[in-house]
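Everything on this sheet refers to the single structure shown next.
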Amino acid sequence: MGEKAPEFPENLHVLVMAGGSGTRFWPKSRAKRPKQLLALWDDKTLLEHTVERFSRFIPTENIWIVTTQALVKPSKEVLGKKNSAVRFLGEPAGKNTAACILWGVHEIAAAEAGAVVAVMPADHYIGDEQAFAKAFSVAVSDASKAGGIVTLGIKPSRPETGYGYIEVAEALKHGKHKSEVVAVKQFIEKPDLRTAIRYVESGKFLWNAGMFIFSVKEGLSAFHKTMPELSALFAEGFAKGRFSADDIYPRIRKEDAVSVDYGMMEPAIEMGIRAATVPADCAWNDVGSFTALEEINCTTLGDVVSLNANTNIVQSDSGLVALLGVNDLVVVRDGDVVLVAAKERAQDIKALLEKVKVKFPDKL
């Protein structure tokens with residue numbers, strides 16, 4: 001007999017963060033088609049995969065997507081009629097993740113005062129959905145019963161300087177703590193390589209994937225303690241009875257336009273707010289650039305023919321791409337643009353866009 005499917009409470013809501021531009025995926029990503037609206041390994045966009053993942057557990061009306069005002073319409077079109085109950089919040093300007101999460105938590109609290117909120121990115125890859133569901137259910141249960149803030153921490157497969165880290169209170173033994181709750185000692189920003197190596201070797205660190213679970217009461221309380229000015233601003237907006245993002249967002253201070261990790265999670269532990277994590281081994285990837293497609297075993301998409309050409313990453317939206325005698329390239333054909341880049345320079349596509357912006361601004 002197979003494992004029993006995880007169960008989730010009726011008061012669970014999922015807040016999906018779907019802002020950002022994903023410039024490292026140009027030319028597939030454009031100003032009006034950022035990373036979360038791309039299909040990178042099959043015929044579904046990353047946003048569709050995310051909504052589908054959670055609609056297995058909860059009604060679609062309990063899924064909230066916070067994005068920019070300009071992306072609300074294309075996001076709805078991507079999700080289609082079957083997801084018409086998903087609720088959207090359109091930000092007038094990007095003010096980083098603390099503000100968008102705080103807005104979302106207030107909206108969910110207004111809809112269901114006793115809700116539990118799971119904050120999730122819209123643009124990540126989960127290779128093992130069953131393992132994710134198990135770890136997620138443990139985290140939701142713990143947040144509901146024990147309070148505080150619970151995260152999903154990803155077991156690191158290598159020293160990585162592009163991710164933040166979660167230090168746990170005790171070393172994670174092989175095979176131990178699988179989908180169990182462990183106390184968080186501290187949240188740490190992206191380290192240098194030497195430090196990342198030390199973290200992984202110690203067995204006391206997990207990757208911070210930006211997945212947080214808490215009750216609306218605990219979440220609003222944590223924001224009030226750690227970011228009082230931002231918390232008061234949003235509370236004022238909701239006290240008026242009808243929240244206006246166009247009114248509130250221009251008043252967000254520069255020092256409050258920060259990530260939730262920096263603004264709330266890092267100081268939370270120092271202020272005595274309970275923080276825990278559930279280690280997840282679910283083939284997670286944040287899909288930060290084209291080279292991530294190699295890590296998830298999807299190096300070609302579209303019509304591609306190769307001869308004596310190896311370890312290339314190729315994507316074509318139309319027509320045929322033929323490679324002969326070349327290695328370690330990223331080749332992307334999308335509409336009116338073709339990108340050819342050395343694989344080792346895939347992280348520098350954002351810099352290339354500065355030149356494109358000057359000569360061909362209509363291609364962005």
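Labels for the structure tokens follow display order: chains A, B, ..., residues from 1 in each chain, ligands from 1.
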Task: Exercise: His224 in chain A partners within 12 Å, only C-alpha atoms, chain neighbours under 6 positions left out, as a PyMOL selection string - done: chain A and resi 98+102+217-218+230-235+263-264+267-268+271+273
- [ ] Please provide as a ChimeraX atom specification all residues within 10 Å of Val340 in chain A, with the sequence filter that same-chain residues fewer than 3 positions apart are discarded (counting only C-alpha atoms).
- [x] /A:314,329-333,343,346
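Straight-line separation from CA of Gly19 in chain A to CA of Lys95 in chain A: 10.0 Å.
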TODO: Name all residues at most 9 Å from Ile108 in chain A (count only C-alpha atoms; drop same-chain ones fewer than 4 positions away) and give them as a ChimeraX atom specification.
DONE: /A:13,15,62,64,103-104,112-113,115-117,216
May I have the residues from that selection written out with C-alpha atoms, as a compact mmCIF listing (two decimals), in the first residue's frame?
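That gives us result_9.txt:
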# COMPACT_ATOMS: atom_id res chain seq x y z
CA HIS A 13 -4.44 29.91 2.07
CA LEU A 15 0.05 33.49 -1.18
CA ASN A 62 -7.76 30.09 -1.37
CA TRP A 64 -3.77 34.44 -3.92
CA TRP A 103 -0.43 43.19 1.87
CA GLY A 104 -1.35 39.61 1.06
CA GLU A 112 -10.71 34.55 6.92
CA ALA A 113 -9.52 35.82 10.28
CA ALA A 115 -6.36 31.53 8.26
CA VAL A 116 -2.98 29.88 7.98
CA VAL A 117 -0.87 31.42 5.20
CA VAL A 216 -2.35 35.45 9.98
So that I can check the surroundings of Glu52 in chain A, please list as a JSON list (two decimals) with N, CA and C atoms, in the first residue's frame every protein, DNA and RNA residue that reaches within 12 Å of it, counting only C-alpha atoms and ignoring chain neighbours fewer than 4 positions away.
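Written output follows (part.json):
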[["chain", "number", "residue", "atom", "x", "y", "z"],
["A", 14, "VAL", "N", -2.79, 30.03, 0.29],
["A", 14, "VAL", "CA", -1.45, 30.12, -0.29],
["A", 14, "VAL", "C", -1.29, 31.46, -0.98],
["A", 16, "VAL", "N", 1.03, 33.46, -3.40],
["A", 16, "VAL", "CA", 2.07, 33.23, -4.39],
["A", 16, "VAL", "C", 2.69, 34.56, -4.82],
["A", 44, "LYS", "N", 3.68, 23.94, -19.88],
["A", 44, "LYS", "CA", 3.06, 24.74, -18.82],
["A", 44, "LYS", "C", 4.03, 25.79, -18.30],
["A", 45, "THR", "N", 3.50, 26.96, -18.00],
["A", 45, "THR", "CA", 4.33, 28.02, -17.42],
["A", 45, "THR", "C", 4.65, 27.69, -15.96],
["A", 46, "LEU", "N", 5.66, 28.37, -15.43],
["A", 46, "LEU", "CA", 6.02, 28.15, -14.03],
["A", 46, "LEU", "C", 4.86, 28.53, -13.12],
["A", 47, "LEU", "N", 4.13, 29.58, -13.47],
["A", 47, "LEU", "CA", 2.98, 29.98, -12.66],
["A", 47, "LEU", "C", 1.89, 28.90, -12.68],
["A", 48, "GLU", "N", 1.65, 28.31, -13.83],
["A", 48, "GLU", "CA", 0.67, 27.23, -13.91],
["A", 48, "GLU", "C", 1.09, 26.05, -13.03],
["A", 56, "ARG", "N", -4.15, 21.07, -5.66],
["A", 56, "ARG", "CA", -4.38, 19.68, -5.25],
["A", 56, "ARG", "C", -4.77, 19.61, -3.78],
["A", 57, "PHE", "N", -4.35, 20.64, -3.01],
["A", 57, "PHE", "CA", -4.54, 20.61, -1.57],
["A", 57, "PHE", "C", -5.70, 21.48, -1.09],
["A", 58, "ILE", "N", -5.93, 22.60, -1.78],
["A", 58, "ILE", "CA", -6.89, 23.58, -1.30],
["A", 58, "ILE", "C", -7.75, 24.08, -2.47],
["A", 59, "PRO", "N", -8.91, 24.69, -2.19],
["A", 59, "PRO", "CA", -9.72, 25.28, -3.26],
["A", 59, "PRO", "C", -8.96, 26.43, -3.93],
["A", 60, "THR", "N", -9.20, 26.61, -5.22],
["A", 60, "THR", "CA", -8.46, 27.66, -5.93],
["A", 60, "THR", "C", -8.77, 29.06, -5.40],
["A", 63, "ILE", "N", -6.16, 30.48, -3.16],
["A", 63, "ILE", "CA", -4.86, 30.80, -3.74],
["A", 63, "ILE", "C", -4.87, 32.28, -4.14],
["A", 79, "LEU", "N", -3.41, 31.34, -16.75],
["A", 79, "LEU", "CA", -4.06, 30.36, -15.88],
["A", 79, "LEU", "C", -5.37, 29.85, -16.46],
["A", 80, "GLY", "N", -6.05, 30.66, -17.25],
["A", 80, "GLY", "CA", -7.26, 30.21, -17.94],
["A", 80, "GLY", "C", -8.48, 30.13, -17.04],
["A", 82, "LYS", "N", -10.17, 27.63, -15.90],
["A", 82, "LYS", "CA", -10.22, 26.61, -14.83],
["A", 82, "LYS", "C", -9.69, 27.14, -13.51],
["A", 83, "ASN", "N", -8.90, 28.23, -13.57],
["A", 83, "ASN", "CA", -8.36, 28.84, -12.36],
["A", 83, "ASN", "C", -8.93, 30.23, -12.13],
["A", 86, "VAL", "N", -8.91, 31.96, -8.61],
["A", 86, "VAL", "CA", -7.68, 32.47, -8.00],
["A", 86, "VAL", "C", -7.79, 33.98, -7.83],
["A", 122, "ALA", "N", 6.52, 31.95, -7.19],
["A", 122, "ALA", "CA", 5.77, 31.47, -8.36],
["A", 122, "ALA", "C", 6.65, 30.78, -9.38],
["A", 126, "ILE", "N", 9.88, 22.05, -8.65],
["A", 126, "ILE", "CA", 9.83, 20.98, -7.66],
["A", 126, "ILE", "C", 9.81, 19.66, -8.42],
["A", 129, "GLU", "N", 7.15, 16.01, -6.26],
["A", 129, "GLU", "CA", 5.95, 16.63, -5.70],
["A", 129, "GLU", "C", 5.48, 15.89, -4.45]]
TODO: Just the residues within 10 Å of Phe8 in chain A, please, counting only C-alpha atoms, with nothing from its chain fewer than 4 positions along; format it as an NGL selection string.
DONE: :A and (12 or 57-58 or 133 or 136-138 or 140-141)
